[in-house]
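Peer 1: Can you keep this structure in mind? I'll have questions shortly.
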Amino acid sequence: MARARHSGGRGWYGKVLGAALGVTLLAAGASVWTAQAGAVGGSSPKEPASARQARAVKPVAVTIVHASDKGARGVNITIDDGPDPEWTPQVLDVLREYGVKATFCMVGTQAQAHPDLVKKVVAAGHRLCDHSVSHDTTMDKKSEAYQSQQILDAERMITEASGGVRPMYYRAPGGAFTPYSRKLAASRGMRPLGWNVDTKDFERPGTDAIVATVERELPNGPTLLFHDAGGDRSQTVEALSRILPRLKEQGYAFGFPVR
């Protein structure tokens with residue numbers, strides 16, 4: 001898997017890292033929880049939300065997944081680094097227009113800052129992915145305690161912002177996975193998520209270049225990497241509006257990474 005670390009221009013994530021520490025869970029809305037995490041049967045109405053969520057967590061495989069639940073002709077659209085108040089709504093509009101569901105890999109501080117957008121993503125039927133607290137692409141060089149803080153605090157921030165829906169995947173920033181981080185995420189029910197096609201949209205190479213990269217590299221595998229934050233994402237929005245109908249015409253089906 002490519003290690004597209006994209007370290008430039010992301011200092012703004014680090015500025016709010018301190019706000020991520022010690023975040024506590026809010027009570028989960030049962031209807032939203034059912035939408036993605038599954039109903040937790042037999043719980044008392046007075047049972048704390050944290051207890052219900054703890055019982056709902058089921059460990060998943062520690063291997064990095066790329067495959068699509070739609071099979072050989074499946075495509076997984078994954079969107080990283082948001083939510084962003086300008087670009088996430090535009091991405092959601094394009095996905096809705098073409099009836100496509102995607103996986104949104106959210107940075108904890110961004111989710112905390114824009115809970116309304118996290119809830120919109122969930123309400124539209126998309127899935128959530130833990131993308132760490134602050135998008136530190138060198139976290140694979142850091143201590144296990146640091147990795148744990150980045151993963152678990154982001155999980156709490158995203159779950160709180162969503163109103164109780166837990167992330168189903170964990171994507172290491174820039175692909176900076178470690179055996180420890182994969183095992184930790186998997187123990188929390190978050191399948192480590194890779195990608196097969198890095199569209200390079202973060203570098204803003206032009207819409208034509210983004211589309212061409214997808215067409216050229218899709219035979220490498222079904223999981224495509226796009227971004228909805230970290231700068232001007234107008235090329236991404238335009239590229240998606242061209243790629244999605246084109247892939248549909250070619251007989252591809254849009255799904256989610258296998259769990």
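Following the order of the structure tokens, first chain is A, next is B, and so on, with residues numbered from 1 inside each chain and ligands from 1 in the order they appear.
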Could you name the residues that touch A:Leu128 at 12 Å or less, counting only C-alpha atoms, but leaving out those on the same chain fewer than 5 positions away, as a CSV table (one decimal) with N, CA and C atoms, in the first residue's frame?
Peer 2:
chain,number,residue,atom,x,y,z
A,35,ALA,N,-28.6,2.6,13.4
A,35,ALA,CA,-28.4,2.8,12.0
A,35,ALA,C,-27.1,2.2,11.5
A,36,GLN,N,-26.0,2.2,12.3
A,36,GLN,CA,-24.7,1.7,11.8
A,36,GLN,C,-24.2,0.7,12.8
A,37,ALA,N,-24.3,0.9,14.1
A,37,ALA,CA,-23.6,0.0,15.0
A,37,ALA,C,-24.4,-1.2,15.4
A,78,THR,N,-13.6,6.4,-0.5
A,78,THR,CA,-13.2,6.8,0.9
A,78,THR,C,-12.8,8.3,0.8
A,79,ILE,N,-13.3,9.0,1.9
A,79,ILE,CA,-13.1,10.5,1.9
A,79,ILE,C,-12.3,10.8,3.2
A,80,ASP,N,-11.2,11.5,3.1
A,80,ASP,CA,-10.3,11.7,4.3
A,80,ASP,C,-10.3,13.1,4.8
A,81,ASP,N,-10.0,13.2,6.1
A,81,ASP,CA,-9.5,14.4,6.8
A,81,ASP,C,-10.6,15.4,7.2
A,82,GLY,N,-11.8,15.2,6.9
A,82,GLY,CA,-12.9,16.1,7.3
A,82,GLY,C,-13.4,15.7,8.7
A,83,PRO,N,-14.6,16.2,9.0
A,83,PRO,CA,-15.4,17.0,8.1
A,83,PRO,C,-15.0,18.5,8.0
A,101,LYS,N,-22.8,5.6,-1.7
A,101,LYS,CA,-22.4,5.6,-0.3
A,101,LYS,C,-20.9,5.5,-0.2
A,102,ALA,N,-20.3,6.2,0.8
A,102,ALA,CA,-18.9,6.3,1.0
A,102,ALA,C,-18.5,6.1,2.4
A,103,THR,N,-17.2,6.0,2.7
A,103,THR,CA,-16.7,5.9,4.0
A,103,THR,C,-15.9,7.2,4.3
A,104,PHE,N,-16.2,7.9,5.3
A,104,PHE,CA,-15.6,9.1,5.7
A,104,PHE,C,-14.6,8.9,6.8
A,105,CYS,N,-13.3,9.1,6.5
A,105,CYS,CA,-12.3,8.9,7.5
A,105,CYS,C,-12.0,10.3,8.2
A,106,MET,N,-12.5,10.4,9.4
A,106,MET,CA,-12.6,11.7,10.0
A,106,MET,C,-11.5,11.9,11.0
A,107,VAL,N,-10.9,13.1,11.0
A,107,VAL,CA,-9.9,13.5,12.0
A,107,VAL,C,-10.7,14.0,13.3
A,108,GLY,N,-10.3,13.5,14.4
A,108,GLY,CA,-11.0,13.7,15.7
A,108,GLY,C,-11.3,15.2,16.0
A,111,ALA,N,-14.1,16.4,13.7
A,111,ALA,CA,-15.4,15.9,14.1
A,111,ALA,C,-15.9,16.6,15.3
A,117,LEU,N,-22.0,18.2,10.9
A,117,LEU,CA,-21.6,17.5,9.6
A,117,LEU,C,-21.4,16.0,9.8
A,118,VAL,N,-20.9,15.6,11.0
A,118,VAL,CA,-20.8,14.2,11.2
A,118,VAL,C,-22.2,13.6,11.2
A,119,LYS,N,-23.1,14.2,11.8
A,119,LYS,CA,-24.5,13.7,11.9
A,119,LYS,C,-25.1,13.6,10.5
A,120,LYS,N,-24.8,14.6,9.6
A,120,LYS,CA,-25.3,14.6,8.2
A,120,LYS,C,-24.7,13.4,7.5
A,121,VAL,N,-23.4,13.1,7.7
A,121,VAL,CA,-22.8,12.0,7.0
A,121,VAL,C,-23.5,10.7,7.4
A,122,VAL,N,-23.7,10.5,8.7
A,122,VAL,CA,-24.4,9.3,9.2
A,122,VAL,C,-25.8,9.2,8.7
A,123,ALA,N,-26.5,10.3,8.7
A,123,ALA,CA,-27.9,10.3,8.3
A,123,ALA,C,-28.1,10.0,6.8
A,154,ALA,N,-9.8,9.8,19.3
A,154,ALA,CA,-10.5,10.1,18.1
A,154,ALA,C,-11.8,9.3,18.0
A,155,GLU,N,-11.7,8.0,18.4
A,155,GLU,CA,-12.9,7.2,18.4
A,155,GLU,C,-14.0,7.9,19.3
A,157,MET,N,-14.2,11.1,20.2
A,157,MET,CA,-14.7,12.3,19.6
A,157,MET,C,-15.7,12.1,18.4
A,158,ILE,N,-15.4,11.2,17.6
A,158,ILE,CA,-16.3,10.9,16.4
A,158,ILE,C,-17.6,10.3,16.9
A,159,THR,N,-17.5,9.4,17.9
A,159,THR,CA,-18.8,8.8,18.4
A,159,THR,C,-19.6,9.9,19.1
A,161,ALA,N,-19.6,13.1,18.5
A,161,ALA,CA,-20.1,14.1,17.4
A,161,ALA,C,-21.2,13.5,16.6
A,162,SER,N,-21.2,12.2,16.4
A,162,SER,CA,-22.2,11.5,15.6
A,162,SER,C,-23.5,11.3,16.3
A,164,GLY,N,-23.6,9.0,18.8
A,164,GLY,CA,-23.6,7.6,19.3
A,164,GLY,C,-23.2,6.6,18.3
A,165,VAL,N,-22.9,7.0,17.0
A,165,VAL,CA,-22.5,6.0,16.0
A,165,VAL,C,-21.0,5.9,16.0
A,166,ARG,N,-20.5,4.7,16.3
A,166,ARG,CA,-19.0,4.5,16.4
A,166,ARG,C,-18.4,4.3,15.0
A,167,PRO,N,-17.2,4.7,14.8
A,167,PRO,CA,-16.5,4.4,13.5
A,167,PRO,C,-16.3,2.9,13.4
A,168,MET,N,-16.4,2.5,12.1
A,168,MET,CA,-16.3,1.1,11.8
A,168,MET,C,-14.9,0.7,11.3
A,169,TYR,N,-14.1,1.7,11.0
A,169,TYR,CA,-12.8,1.4,10.5
A,169,TYR,C,-11.8,2.4,11.1
A,170,TYR,N,-10.5,2.0,11.0
A,170,TYR,CA,-9.4,2.9,11.4
A,170,TYR,C,-8.4,3.0,10.2
A,171,ARG,N,-8.2,4.2,9.8
A,171,ARG,CA,-7.2,4.5,8.8
A,171,ARG,C,-6.0,5.3,9.4
A,190,MET,N,-12.8,-1.7,14.9
A,190,MET,CA,-12.5,-0.8,13.8
A,190,MET,C,-11.5,-1.5,12.9
A,191,ARG,N,-12.0,-2.0,11.7
A,191,ARG,CA,-11.1,-2.7,10.8
A,191,ARG,C,-10.1,-1.7,10.2
A,193,LEU,N,-8.0,0.1,7.6
A,193,LEU,CA,-8.5,0.4,6.3
A,193,LEU,C,-7.3,1.0,5.5
A,256,PHE,N,-18.9,-0.8,0.5
A,256,PHE,CA,-18.0,-0.4,1.6
A,256,PHE,C,-16.9,-1.4,1.7
A,257,PRO,N,-15.8,-1.1,2.4
A,257,PRO,CA,-14.8,-2.1,2.6
A,257,PRO,C,-15.3,-3.2,3.5
Peer 1: Using DSSP on the backbone coordinates, identify the residues of stretch 88-235 of chain A assigned to strand (DSSP E); present them as a VMD selection string.
Peer 2: chain A and resid 103 to 106 127 to 130 169 to 170 191 to 192 197 to 198 223 to 227
Peer 1: Mind dumping the selected residues with N, CA and C atoms as a short mmCIF file (atom, residue, chain, number, x, y, z; two decimals), in the first residue's frame?
Peer 2:
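Listing of again23.cif after writing:
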data_model
loop_
_atom_site.label_atom_id
_atom_site.label_comp_id
_atom_site.auth_asym_id
_atom_site.auth_seq_id
_atom_site.Cartn_x
_atom_site.Cartn_y
_atom_site.Cartn_z
N THR A 103 -17.21 5.98 2.66
CA THR A 103 -16.65 5.89 4.00
C THR A 103 -15.87 7.16 4.28
N PHE A 104 -16.25 7.86 5.34
CA PHE A 104 -15.61 9.13 5.69
C PHE A 104 -14.63 8.91 6.84
N CYS A 105 -13.35 9.07 6.54
CA CYS A 105 -12.29 8.91 7.54
C CYS A 105 -12.03 10.27 8.18
N MET A 106 -12.53 10.43 9.40
CA MET A 106 -12.57 11.74 10.03
C MET A 106 -11.46 11.94 11.05
N ARG A 127 -20.55 5.56 6.09
CA ARG A 127 -19.89 4.98 7.25
C ARG A 127 -18.77 5.88 7.76
N LEU A 128 -18.46 5.70 9.04
CA LEU A 128 -17.43 6.51 9.69
C LEU A 128 -16.16 5.70 9.89
N CYS A 129 -15.04 6.42 9.84
CA CYS A 129 -13.73 5.82 10.02
C CYS A 129 -12.89 6.74 10.90
N ASP A 130 -12.21 6.15 11.86
CA ASP A 130 -11.30 6.87 12.76
C ASP A 130 -10.00 7.16 12.01
N TYR A 169 -14.10 1.69 11.01
CA TYR A 169 -12.76 1.44 10.46
C TYR A 169 -11.76 2.36 11.14
N TYR A 170 -10.49 2.01 10.99
CA TYR A 170 -9.39 2.90 11.39
C TYR A 170 -8.41 3.01 10.24
N ARG A 191 -11.95 -1.97 11.74
CA ARG A 191 -11.08 -2.70 10.81
C ARG A 191 -10.05 -1.74 10.22
N PRO A 192 -8.76 -2.07 10.28
CA PRO A 192 -7.74 -1.24 9.63
C PRO A 192 -8.04 -1.11 8.14
N VAL A 197 -5.97 3.04 -4.62
CA VAL A 197 -5.76 4.13 -5.56
C VAL A 197 -5.69 5.44 -4.80
N ASP A 198 -4.48 6.02 -4.76
CA ASP A 198 -4.32 7.37 -4.22
C ASP A 198 -4.51 8.33 -5.37
N THR A 223 -10.39 0.26 -3.58
CA THR A 223 -10.56 1.34 -2.60
C THR A 223 -9.86 2.60 -3.06
N LEU A 224 -10.65 3.66 -3.28
CA LEU A 224 -10.16 4.93 -3.80
C LEU A 224 -10.05 5.95 -2.68
N LEU A 225 -8.98 6.73 -2.69
CA LEU A 225 -8.71 7.73 -1.66
C LEU A 225 -8.93 9.14 -2.20
N PHE A 226 -9.87 9.85 -1.57
CA PHE A 226 -10.13 11.26 -1.86
C PHE A 226 -10.07 12.04 -0.55
N HIS A 227 -10.16 13.38 -0.65
CA HIS A 227 -10.11 14.24 0.53
C HIS A 227 -11.21 15.30 0.47
#
Peer 1: Out of A:Ala186, A:Arg233, A:Phe254, A:Pro179, which residue has the shortest atom-to-atom distance to A:Pro205 when counting only C-alpha atoms?
Peer 2: A:Arg233
Peer 1: Report the distance between atom CA of A:Pro85 and atom CA of A:Ala113 in Å, rounded to one decimal place.
Peer 2: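 Atom CA of A:Pro85 sits 9.6 Å away from atom CA of A:Ala113.
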Peer 1: What is the atom CA of A:Val60-atom CA of A:Gly189 distance in Å, reported with one decimal?
Peer 2: 5.3 Å
Peer 1: Between atom CA of A:Ala56 and atom CA of A:Arg188, what is the distance, to one decimal in Å?
Peer 2: 9.7 Å
Peer 1: List the neighbours of A:Ser187 out to 10 Å using only C-alpha atoms; skip same-chain residues closer than 5 positions along the sequence, and give me the result as a PDB file with C-alpha atoms, in the first residue's frame.
Peer 2:
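See selection-v2.pdb below for the written result:
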ATOM      1  CA  VAL A  57     -17.975  -3.604  20.524  1.00  0.00           C
ATOM      2  CA  LYS A  58     -16.977  -6.747  18.659  1.00  0.00           C
ATOM      3  CA  PRO A  59     -13.345  -7.281  17.656  1.00  0.00           C
ATOM      4  CA  VAL A  60     -12.599  -7.515  13.939  1.00  0.00           C
ATOM      5  CA  ALA A  61      -9.663  -8.739  11.871  1.00  0.00           C
ATOM      6  CA  VAL A  62      -6.338  -6.928  12.337  1.00  0.00           C
ATOM      7  CA  SER A 181      -2.213   0.277  16.192  1.00  0.00           C
ATOM      8  CA  ARG A 182      -3.889  -2.335  14.011  1.00  0.00           C
TER       9      ARG A 182
END
Peer 1: Do a neighbour search on A:Leu218 at 12 Å with only C-alpha atoms, toss out local chain neighbours closer than 6 positions, and write the hits as number ranges by chain.
Peer 2: A: 72-77, 195-199, 210-212, 224-225, 243, 247, 252
